[in-house]
Amino acid sequence: MVAAQHKVKAEISHRYGHLLVHDKLQFSVGENEFLCICGPSGCGKTTLLDILAGILPPTEGNVLINGRAVDPKRDNISFVFQEPSTFPWLNVWDNVATGLRIKAVKGRELARRVNDIIDIVSLRDFTHYYPHQISGGMKQRVAIARAFATDADLILMDEPFVSLDQPTRERMQREVLHTWEHRRHTVVFVTHNLEEAVFLGDRVIVLCAKPARIVAEIPVPLPRPRDPLSPEFTRIRAQCAGILHSLDPAPGALPDRRIAKAG
Amino acid sequence: MSASNEAEAGSLQVVAGAPTALPTGVAASLSPVASARQTRLTGALVSLAWNALVLLIVLAGWQILTILINSRFFPGPIAIFWAFVDLAVNGDTGGRTLWDHSWASVQRVLIGFGLAVVAGVPLGLLMGLYPRVYTNSRVVLEPFRFIPPIAWIPLAIIFFSGMTRFAFLIFLGAFFPVFTAALVGVARVEPIHRKVGLVYGASKGWILAHVVFPTVLPDILGGMRVGLGAAWLTIVAAELAGGISLGLGRMMSNYAELVQVPQVVVGMVLIGMLGLVMNEVLLVVEKRLFRWRWQVSL
């Protein structure tokens, strides 16, 4: 892929007190690329996304969006969190409109964009419902609709399907791809589920546990929709799995003290 | 398709807080929402019928007891009813009507309560958002919470008169429930909701208005209900002590001096009814505003 200028360029080292969380992470994301970041639980993935979103400054390094230092007020960044983040006091429609409203979009323009994304994610029948009346999977659908509604420069997703059951998770994965195919924004998707990462991403970056380093960058040049049972998929997945498992300590070995002091 | 499956799953959750607008599409033909509303209505009517029956039994028992005791100082419900009619039509010994007394008491409560809300909500929010201000001033603030408004009556009589005196006492009664509710409510704001605002670049003001305030509002209204109850309790004590001739508490006190028990009880019943009505009004407001909550507070 020829990218004249990367959409997102990150060079980060981050400390939490004395604990080194990220160790010279360096990567970039191209325009309209779907990047998956995969790593074991506790390797600082959420912190990384907070840094990419510009709401947490890294102790060293920077994040550039379109060539300039990230600034949530100026840049258009969306975030789909691990837990449902819908506002319980708003119905589905108003929740989806939240990001646009913060960005001062009003009136007919607001209505058009909200209704468009609601149709894409098939929430048309539920616009009047409140979050307490819908399931966890639907709440995440609302969060995804809200994220895609703003024509974002960068959409960050922090293991959004980890709390869902398997069939719902598979459906949501297909829906995210379906939505992304309509609105090709730049996406950084974090997960500890390898199959999910290979199923979704154009490229998979593998992180090790704290202090997190990039141990592999694996492109996934397969056309979508992908078949997790196909030989090419399995080969790529096995490659990532091999790298991840080589980082695991042997069973019964003492954990690394730096990792054990999780902050 | 998957959407219709979840439609059915969503529309079967029918308890308090079902959507008022029926969704279009497949779900509309089921209308479990309408039948659930009917069940709630019949349930309410049955409960009302039972309540009426219980009331009748209690009143009948009371009347029988009155006849047995046969004392001027123990009126039955019938005597109290006629005393009420007499007071309503003819007014009291000074020619003041029940309406005058009731309105005087209610007015004082509303004014003092209004002041308590206007002072308590912003202060509570402020201290909640800047907890260090609160913790560093607690030595001055907290002791006031435990001085009952009644204890302020002597000072209130010395320093204030008329409406100011009552407003001051009611304010003291209603302030702390409202203030504490706002203070505690701020701590309950979910960090993830704040994060949603921050990610989109929202200003602190936006987060205050659109995240903090909606989160805190149910707590504030609950605190207001408690405060209103406390205010209503205070007004009776304040009127019993004070020198103004208008007010339900004052009226009760007058008739107590005349040893006319039925009129005293009429005053008590009215006070109870008015307090109940105010509480119910706030409850209705709460239920309408907070349909998004899946639990309804008492």
# chains A, B, ... in the order shown; residues from 1 in each chain; ligands from 1

call {"tool": "interface_residues", "arguments": {"of": "chain A", "to": "chain B", "cutoff": "8 Å", "atoms": "only C-alpha atoms", "output": "short mmCIF file (atom, residue, chain, number, x, y, z; two decimals) with C-alpha atoms, in the first residue's frame"}}
result
data_model
loop_
_atom_site.label_atom_id
_atom_site.label_comp_id
_atom_site.auth_asym_id
_atom_site.auth_seq_id
_atom_site.Cartn_x
_atom_site.Cartn_y
_atom_site.Cartn_z
CA ALA A 53 -6.95 9.51 21.59
CA GLY A 54 -5.05 12.41 23.08
CA ILE A 55 -6.67 12.17 26.49
CA ASP A 71 -5.74 17.16 20.01
CA PRO A 72 -9.22 15.82 20.74
CA LYS A 73 -10.73 19.25 20.38
CA ARG A 74 -9.37 19.75 16.90
CA ASN A 76 -12.08 14.05 15.01
CA ILE A 77 -11.53 10.96 17.10
CA SER A 78 -14.06 8.34 18.16
CA PHE A 79 -13.71 5.68 20.81
CA SER A 85 -20.66 3.68 27.31
CA THR A 86 -24.12 4.81 26.30
CA PHE A 87 -25.68 7.55 28.40
CA PRO A 88 -28.57 5.96 30.28
CA TRP A 89 -30.59 9.17 30.32
CA LEU A 90 -30.72 9.41 26.51
CA GLY A 99 -20.52 12.84 19.23
CA ILE A 102 -20.24 17.82 20.85
CA LYS A 103 -18.75 18.72 17.48
CA SER A 122 -29.97 -1.47 11.60
CA LEU A 123 -31.09 0.41 14.71
CA ASP A 125 -36.64 0.14 14.99
CA PHE A 126 -35.07 1.03 18.31
CA HIS A 128 -36.90 5.41 21.06
CA TYR A 129 -35.55 2.76 23.38
CA TYR A 130 -33.44 3.61 26.40
CA PRO A 131 -30.19 1.74 27.16
CA HIS A 132 -31.71 -0.11 30.10
CA GLN A 133 -34.18 -1.72 27.69
CA ILE A 134 -31.64 -3.13 25.25
CA SER A 135 -29.06 -5.87 25.48
#

call {"tool": "select_by_dssp", "arguments": {"residues": "stretch 167-264 of chain B", "states": "helix (DSSP H, G or I)", "output": "MDAnalysis selection string"}}
result
chainID B and resid 167:187 191:199 204:241 248:257 261:264

call {"tool": "residues_around", "arguments": {"residues": "stretch 185-187 of chain A", "least_positions_apart": "2", "cutoff": "6 Å", "atoms": "only C-alpha atoms", "output": "JSON, numbers by chain"}}
result
{"A": [31, 32, 33, 34, 154, 155, 156, 183]}

call {"tool": "residues_around", "arguments": {"residues": "stretch 118-120 of chain A", "least_positions_apart": "3", "cutoff": "8 Å", "atoms": "only C-alpha atoms", "output": "list of chain:residue names"}}
result
A:Trp93, A:Val96, A:Val114, A:Asn115, A:Leu123, A:Arg124, A:Ala145, A:Thr179, A:His182

call {"tool": "closest_residue", "arguments": {"among": "A:Leu244, A:Ala147, A:Val21, A:Arg226", "to": "A:Lys45", "atoms": "only C-alpha atoms"}}
result
A:Val21

call {"tool": "residues_around", "arguments": {"residues": "stretch 83-91 of chain B", "least_positions_apart": "4", "cutoff": "9 Å", "atoms": "only C-alpha atoms", "output": "list of chain:residue names"}}
result
B:Ile78, B:Ala79, B:Gly95, B:Arg96, B:Thr97, B:Leu98, B:Trp99, B:Pro262, B:Gln263, B:Val266, B:Gly267

call {"tool": "residues_around", "arguments": {"residues": "B:Leu125", "least_positions_apart": "5", "cutoff": "10 Å", "atoms": "only C-alpha atoms", "output": "number ranges by chain"}}
result
B: 120, 130-131, 179-187, 208, 212-213, 216, 220

call {"tool": "atom_distance", "arguments": {"atom1": "atom CA of A:Val206", "atom2": "atom CA of A:Cys240"}}
result
7.4 Å

call {"tool": "closest_residue", "arguments": {"among": "A:Leu35, A:Ile65, A:Val190, A:Val70", "to": "A:Leu48", "atoms": "only C-alpha atoms"}}
result
A:Val190

call {"tool": "residues_around", "arguments": {"residues": "A:Thr46", "least_positions_apart": "5", "cutoff": "10 Å", "atoms": "only C-alpha atoms", "output": "PDB file with C-alpha atoms, in the first residue's frame"}}
result
ATOM      1  CA  SER A  41      -4.347  -8.910  28.931  1.00  0.00           C
ATOM      2  CA  ILE A  51      -2.676   8.014  24.459  1.00  0.00           C
ATOM      3  CA  LEU A  52      -3.699   7.705  20.814  1.00  0.00           C
ATOM      4  CA  PHE A  81     -15.001   1.366  24.933  1.00  0.00           C
ATOM      5  CA  GLN A  82     -14.907  -2.088  26.434  1.00  0.00           C
ATOM      6  CA  MET A 157     -11.945   0.344  19.662  1.00  0.00           C
ATOM      7  CA  ASP A 158     -10.916  -1.203  22.957  1.00  0.00           C
ATOM      8  CA  GLU A 159     -11.908  -4.889  22.964  1.00  0.00           C
ATOM      9  CA  VAL A 190      -7.434  -3.649  20.164  1.00  0.00           C
ATOM     10  CA  THR A 191      -8.117  -7.209  21.229  1.00  0.00           C
TER      11      THR A 191
END

call {"tool": "select_by_dssp", "arguments": {"residues": "stretch 21-258 of chain A", "states": "strand (DSSP E or B)", "output": "PyMOL selection string"}}
result
chain A and resi 21-29+34-38+60-65+68-69+77-80+154-158+187-191+203-207+212+214-219

call {"tool": "write_last_selection", "arguments": {"atoms": "C-alpha atoms", "output": "PDB file, in the first residue's frame"}}
result
ATOM      1  CA  VAL A  21       4.338   0.363  30.454  1.00  0.00           C
ATOM      2  CA  HIS A  22       5.226   1.017  26.833  1.00  0.00           C
ATOM      3  CA  ASP A  23       8.787   0.611  25.620  1.00  0.00           C
ATOM      4  CA  LYS A  24       9.495   2.676  22.506  1.00  0.00           C
ATOM      5  CA  LEU A  25       6.370   1.713  20.596  1.00  0.00           C
ATOM      6  CA  GLN A  26       6.616   2.935  17.055  1.00  0.00           C
ATOM      7  CA  PHE A  27       3.986   2.385  14.440  1.00  0.00           C
ATOM      8  CA  SER A  28       1.838   4.161  11.911  1.00  0.00           C
ATOM      9  CA  VAL A  29      -1.603   3.667  10.488  1.00  0.00           C
ATOM     10  CA  PHE A  34      -8.123  -1.272   9.746  1.00  0.00           C
ATOM     11  CA  LEU A  35      -5.302  -2.011  12.148  1.00  0.00           C
ATOM     12  CA  CYS A  36      -5.598  -4.639  14.852  1.00  0.00           C
ATOM     13  CA  ILE A  37      -3.384  -4.539  17.902  1.00  0.00           C
ATOM     14  CA  CYS A  38      -3.178  -7.845  19.673  1.00  0.00           C
ATOM     15  CA  GLU A  60       7.877  10.297  26.164  1.00  0.00           C
ATOM     16  CA  GLY A  61       7.141  10.638  22.496  1.00  0.00           C
ATOM     17  CA  ASN A  62       4.086  11.823  20.638  1.00  0.00           C
ATOM     18  CA  VAL A  63       1.172  10.876  18.476  1.00  0.00           C
ATOM     19  CA  LEU A  64       0.640  12.645  15.164  1.00  0.00           C
ATOM     20  CA  ILE A  65      -2.679  12.767  13.352  1.00  0.00           C
ATOM     21  CA  ARG A  68       0.053  17.313  13.749  1.00  0.00           C
ATOM     22  CA  ALA A  69       0.098  16.458  17.443  1.00  0.00           C
ATOM     23  CA  ILE A  77     -11.530  10.957  17.102  1.00  0.00           C
ATOM     24  CA  SER A  78     -14.059   8.340  18.159  1.00  0.00           C
ATOM     25  CA  PHE A  79     -13.708   5.685  20.813  1.00  0.00           C
ATOM     26  CA  VAL A  80     -15.675   2.501  21.379  1.00  0.00           C
ATOM     27  CA  LEU A 154      -9.497   7.904  13.715  1.00  0.00           C
ATOM     28  CA  ILE A 155     -11.762   5.362  15.356  1.00  0.00           C
ATOM     29  CA  LEU A 156     -10.377   3.527  18.374  1.00  0.00           C
ATOM     30  CA  MET A 157     -11.945   0.344  19.662  1.00  0.00           C
ATOM     31  CA  ASP A 158     -10.916  -1.203  22.957  1.00  0.00           C
ATOM     32  CA  VAL A 187      -9.630   2.143  12.664  1.00  0.00           C
ATOM     33  CA  VAL A 188      -7.355   0.899  15.425  1.00  0.00           C
ATOM     34  CA  PHE A 189      -8.934  -2.154  17.030  1.00  0.00           C
ATOM     35  CA  VAL A 190      -7.434  -3.649  20.164  1.00  0.00           C
ATOM     36  CA  THR A 191      -8.117  -7.209  21.229  1.00  0.00           C
ATOM     37  CA  ARG A 203      -2.645  -5.641   9.526  1.00  0.00           C
ATOM     38  CA  VAL A 204      -2.012  -7.141  12.956  1.00  0.00           C
ATOM     39  CA  ILE A 205       0.486  -5.690  15.409  1.00  0.00           C
ATOM     40  CA  VAL A 206       1.439  -8.046  18.222  1.00  0.00           C
ATOM     41  CA  LEU A 207       2.473  -6.612  21.582  1.00  0.00           C
ATOM     42  CA  ALA A 212       5.052  -3.581  25.968  1.00  0.00           C
ATOM     43  CA  ILE A 214       6.000  -4.510  19.246  1.00  0.00           C
ATOM     44  CA  VAL A 215       7.135  -8.049  18.579  1.00  0.00           C
ATOM     45  CA  ALA A 216       5.536  -8.511  15.171  1.00  0.00           C
ATOM     46  CA  GLU A 217       3.691  -6.692  12.421  1.00  0.00           C
ATOM     47  CA  ILE A 218       1.815  -9.082  10.212  1.00  0.00           C
ATOM     48  CA  PRO A 219      -0.158  -7.982   7.163  1.00  0.00           C
TER      49      PRO A 219
END
